Amino acid sequence: MAFERACALDEVRADQGLAVTLGRHEIVVARSGDEVFALDNECSHASVALSEGEVAGCQIECWLHGSMFDLRTGKPTNLPATEPVATFPIEVRGTDVYVDTETTLNGVTPA
Amino acid sequence: MTVTTDSVRSALEQGPEHGKVESHLHPAGSFDVADHEVPTGREEIWRFTPLKRLRGLHADAEFMPSATSCTWNTPEGVRVEGVSGDEARGLRGISGLVPNTRWAARVLAEVPSSLLIDVPADTEVAEPIVVELDGTDVAVTEAGHVAMRFGAHSKAVVVLNHTGSSSIAAVVEIAVGDGADVTVVSLQDWADDAVHLSHHQARVGRDATYKHAAISFGGDLVRMDANVTYDGPGGSAELLGLYFADAGQHIEHRIFADHTAPRTKSHAVYKGALQGEKAHTVWVGNVLIRKVAEGIETYEENRNLVLTDGCQADSIPNLEIETGEIEGAGHASATARFDDNQLFYLQSRGVSEAEAQRLVVHGFFNDLIRQVGVPSIEDRLLTTVEAELAKNVLKDVGSLAAFGSDD
């Protein structure tokens with residue numbers, strides 16, 4: 001377990017994900033109310049960055065074809081995506097967000 | 001006045017030279033690198049390719065000194081050698097290629113040398129010209145240019161054999177003289193980590209016969225564009241492809257038969273098999289029948305056999321027709337898993353399930369392999385198909401060797 005600082009908490013907007021590169025992984029940090037989540041920043045359908053889409057109701061949308069992914073589980077809630085995206089352990093320490101990219105919460109191998 | 005000329009031209013449905021065809025499938029080319037933006041992955045011609053895995057070859061990766069060894073044989077009467085300076089520059093565009101990607105424009109502009117294969121007119125080369133490219137360092141991003149010039153009424157076979165580990169962008173230009181009979185085989189038998197981006201552009205002369213075979217087994221990411229244009233009436237192009245993608249591999253083949261002359265022929269058959277998680281193949285066939293290309297005949301076909309769960313095969317046959325005065329135009333695509341009826345039939349004859357699967361895959365590929373027309377390559381392909389099958393589909397079958405010797 002190696003948590004690295006990803007960003008400051010106030011950098012994460014309520015309606016959009018924030019793309020962060022940690023090591024060889026590109027992740028997206030998104031929030032739903034007070035909760036913060038980290039996902040692999042690539043739609044499992046057509047390799048689009050999820051950080052470019054909207055966040056609403058604990059879901060992040062891929063703008064290209066409209067698939068939504070649950071921030072908690074990484075699972076798509078509608079087509080065309082059928083595979084989940086990786087979700088990473090995340091911690092809020094004070095005003096900063098820390099993410100561990102070496103393990104995934106849902107067992108999906110990051111792209 | 002220009003406006004008037006243009007409007008008259010469009011009213012008469014005539015264009016300059018071959019006529020400009022508005023199409024997102026083949027963007028206008030340019031030799032100037034600055035005219036090409038770095039692709040984002042959303043472009044039609046890039047939308048299936050995982051750009052992140054290209055090690056920057058599609059963008060601005062440095063073309064470093066080559067770490068790929070290149071050796072060849074030189075049959076009598078043929079010139080095969082590395083050339084540089086003015087001679088190399090003079091070979092850029094001999095196939096009529098005007099790059100429509102940034103990387104191809106960069107290769108033509110930046111690579112100082114070319115490998116020239118020059119077959120003089122009226123020369124028949126008995127043995128295949130085999131170029132062995134063996135990569136040694138995947139960390140070295142490099143680029144290469146190959147120019148093949150076949151004189152009028154010559155006859156030759158060229159094999160490009162890619163092995164080892166490499167990150168390479170290659171432009172291969174092929175000029176087939178009038179009445180020549182040429183076969184070009186490109187084998188991508190890379191190690192698991194190789195990245196290979198290639199563009200094969202051929203110009204087929206009057207009444208010439210051109211056969212191109214693209215065979216991809218190895219590599220992390222292999223993408224090849226095999227394009228053909230015609231220099232005069234009566235040219236014929238056969239585009240064959242065979243690919244076998246394992247877990248995690250991305251193998252992408254695109255063809256473009258641009259019928260720029262009347263009474264020309266193109267026939268494309270690509271067959272692929274996929275096995276393992278995240279094995280991904282892409283086949284995009286493009287055929288453009290221009291207004292001048294009356295009386296042409298074309299057919300393109302892609303078949304994919306999905307052997308296990310977790311694979312993805314994309315197959316898109318495109319046909320753009322600007323004239324209806326043609327002999328024939330067709331396209332076909334099918335992607336499926338094993339046919340239960342075929343397996344059942346074989347099993348009802350006492351063949352085990354795994355052996356039945358093996359026979360079906362062999363039948364699927366053999367039909368194509370025998371069309372390659374180079375005996376040494378055909379034997380090798382049969383062996384490779386067997387080895388690929390042993391990796392996954394048939395890993396539980398112990399008696400492969402006994403069956404192999406029966407063939």
# chains A, B, ... in the order shown; residues from 1 in each chain; ligands from 1
>>> residues_around(residues="Val12 of chain A", least_positions_apart="3", cutoff="8 Å", atoms="only C-alpha atoms", output="number ranges by chain")
A: 8-9, 16-18, 29-31
>>> write_last_selection(atoms="C-alpha atoms", output="PDB file, in the first residue's frame")
ATOM      1  CA  ALA A   8      -5.943  19.089  -3.094  1.00  0.00           C
ATOM      2  CA  LEU A   9      -9.512  18.401  -2.043  1.00  0.00           C
ATOM      3  CA  GLN A  16     -16.579  17.103 -13.125  1.00  0.00           C
ATOM      4  CA  GLY A  17     -13.736  14.675 -12.516  1.00  0.00           C
ATOM      5  CA  LEU A  18     -10.124  15.749 -12.165  1.00  0.00           C
ATOM      6  CA  VAL A  29     -10.720  11.899  -8.937  1.00  0.00           C
ATOM      7  CA  ALA A  30     -14.404  12.711  -8.545  1.00  0.00           C
ATOM      8  CA  ARG A  31     -16.701  13.576  -5.658  1.00  0.00           C
TER       9      ARG A  31
END
>>> interface_residues(of="chain B", to="chain A", cutoff="12 Å", atoms="only C-alpha atoms", output="VMD selection string")
chain B and resid 40 to 42 46 to 53 248 277 to 278 310 312 314
>>> closest_residue(among="B:Thr163, B:Asp192, B:Ala28, B:Leu197", to="Trp103 of chain B", atoms="only C-alpha atoms")
B:Leu197
>>> select_by_dssp(residues="chain A", states="helix (DSSP H, G or I)", output="PyMOL selection string")
chain A and resi 9-11+50-52
>>> write_last_selection(atoms="N, CA and C atoms", output="compact mmCIF listing (two decimals), in the first residue's frame")
# COMPACT_ATOMS: atom_id res chain seq x y z
N LEU A 9 -8.08 18.72 -2.06
CA LEU A 9 -9.51 18.40 -2.04
C LEU A 9 -10.34 19.46 -2.78
N ASP A 10 -9.94 20.74 -2.61
CA ASP A 10 -10.77 21.78 -3.23
C ASP A 10 -10.54 21.91 -4.74
N GLU A 11 -9.59 21.14 -5.28
CA GLU A 11 -9.42 21.13 -6.74
C GLU A 11 -10.49 20.28 -7.42
N LEU A 50 -12.44 9.70 -18.82
CA LEU A 50 -13.68 9.97 -18.07
C LEU A 50 -13.68 11.36 -17.45
N SER A 51 -12.47 11.90 -17.24
CA SER A 51 -12.37 13.22 -16.61
C SER A 51 -12.99 14.31 -17.48
N GLU A 52 -13.21 14.00 -18.77
CA GLU A 52 -13.81 15.00 -19.65
C GLU A 52 -15.34 14.99 -19.58
>>> residues_around(residues="Glu83 of chain A", least_positions_apart="4", cutoff="8 Å", atoms="only C-alpha atoms", output="JSON list (two decimals) with C-alpha atoms, in the first residue's frame")
[["chain", "number", "residue", "atom", "x", "y", "z"],
["A", 44, "SER", "CA", -13.85, 0.64, -20.71],
["A", 45, "HIS", "CA", -15.67, 0.97, -24.00],
["A", 75, "LYS", "CA", -19.46, -0.58, -12.83],
["A", 76, "PRO", "CA", -21.25, 0.85, -15.85]]
>>> closest_residue(among="A:Gly33, A:Gly53, A:Gly66, A:Gly107", to="Pro89 of chain A", atoms="only C-alpha atoms")
A:Gly107
>>> closest_residue(among="A:Ala56, A:Ser32, A:Arg13, A:Phe37", to="Asp100 of chain A", atoms="only C-alpha atoms")
A:Phe37
>>> residues_around(residues="Glu322 of chain B", least_positions_apart="6", cutoff="9 Å", atoms="only C-alpha atoms", output="PyMOL selection string")
chain B and resi 21+288-293
>>> write_last_selection(atoms="C-alpha atoms", output="compact mmCIF listing (two decimals), in the first residue's frame")
# COMPACT_ATOMS: atom_id res chain seq x y z
CA VAL B 21 -13.87 12.77 -53.08
CA LEU B 288 -13.22 3.62 -53.35
CA ILE B 289 -14.52 3.35 -56.89
CA ARG B 290 -13.75 6.67 -58.50
CA LYS B 291 -15.66 8.13 -61.37
CA VAL B 292 -12.96 7.18 -63.87
CA ALA B 293 -12.89 3.58 -62.66
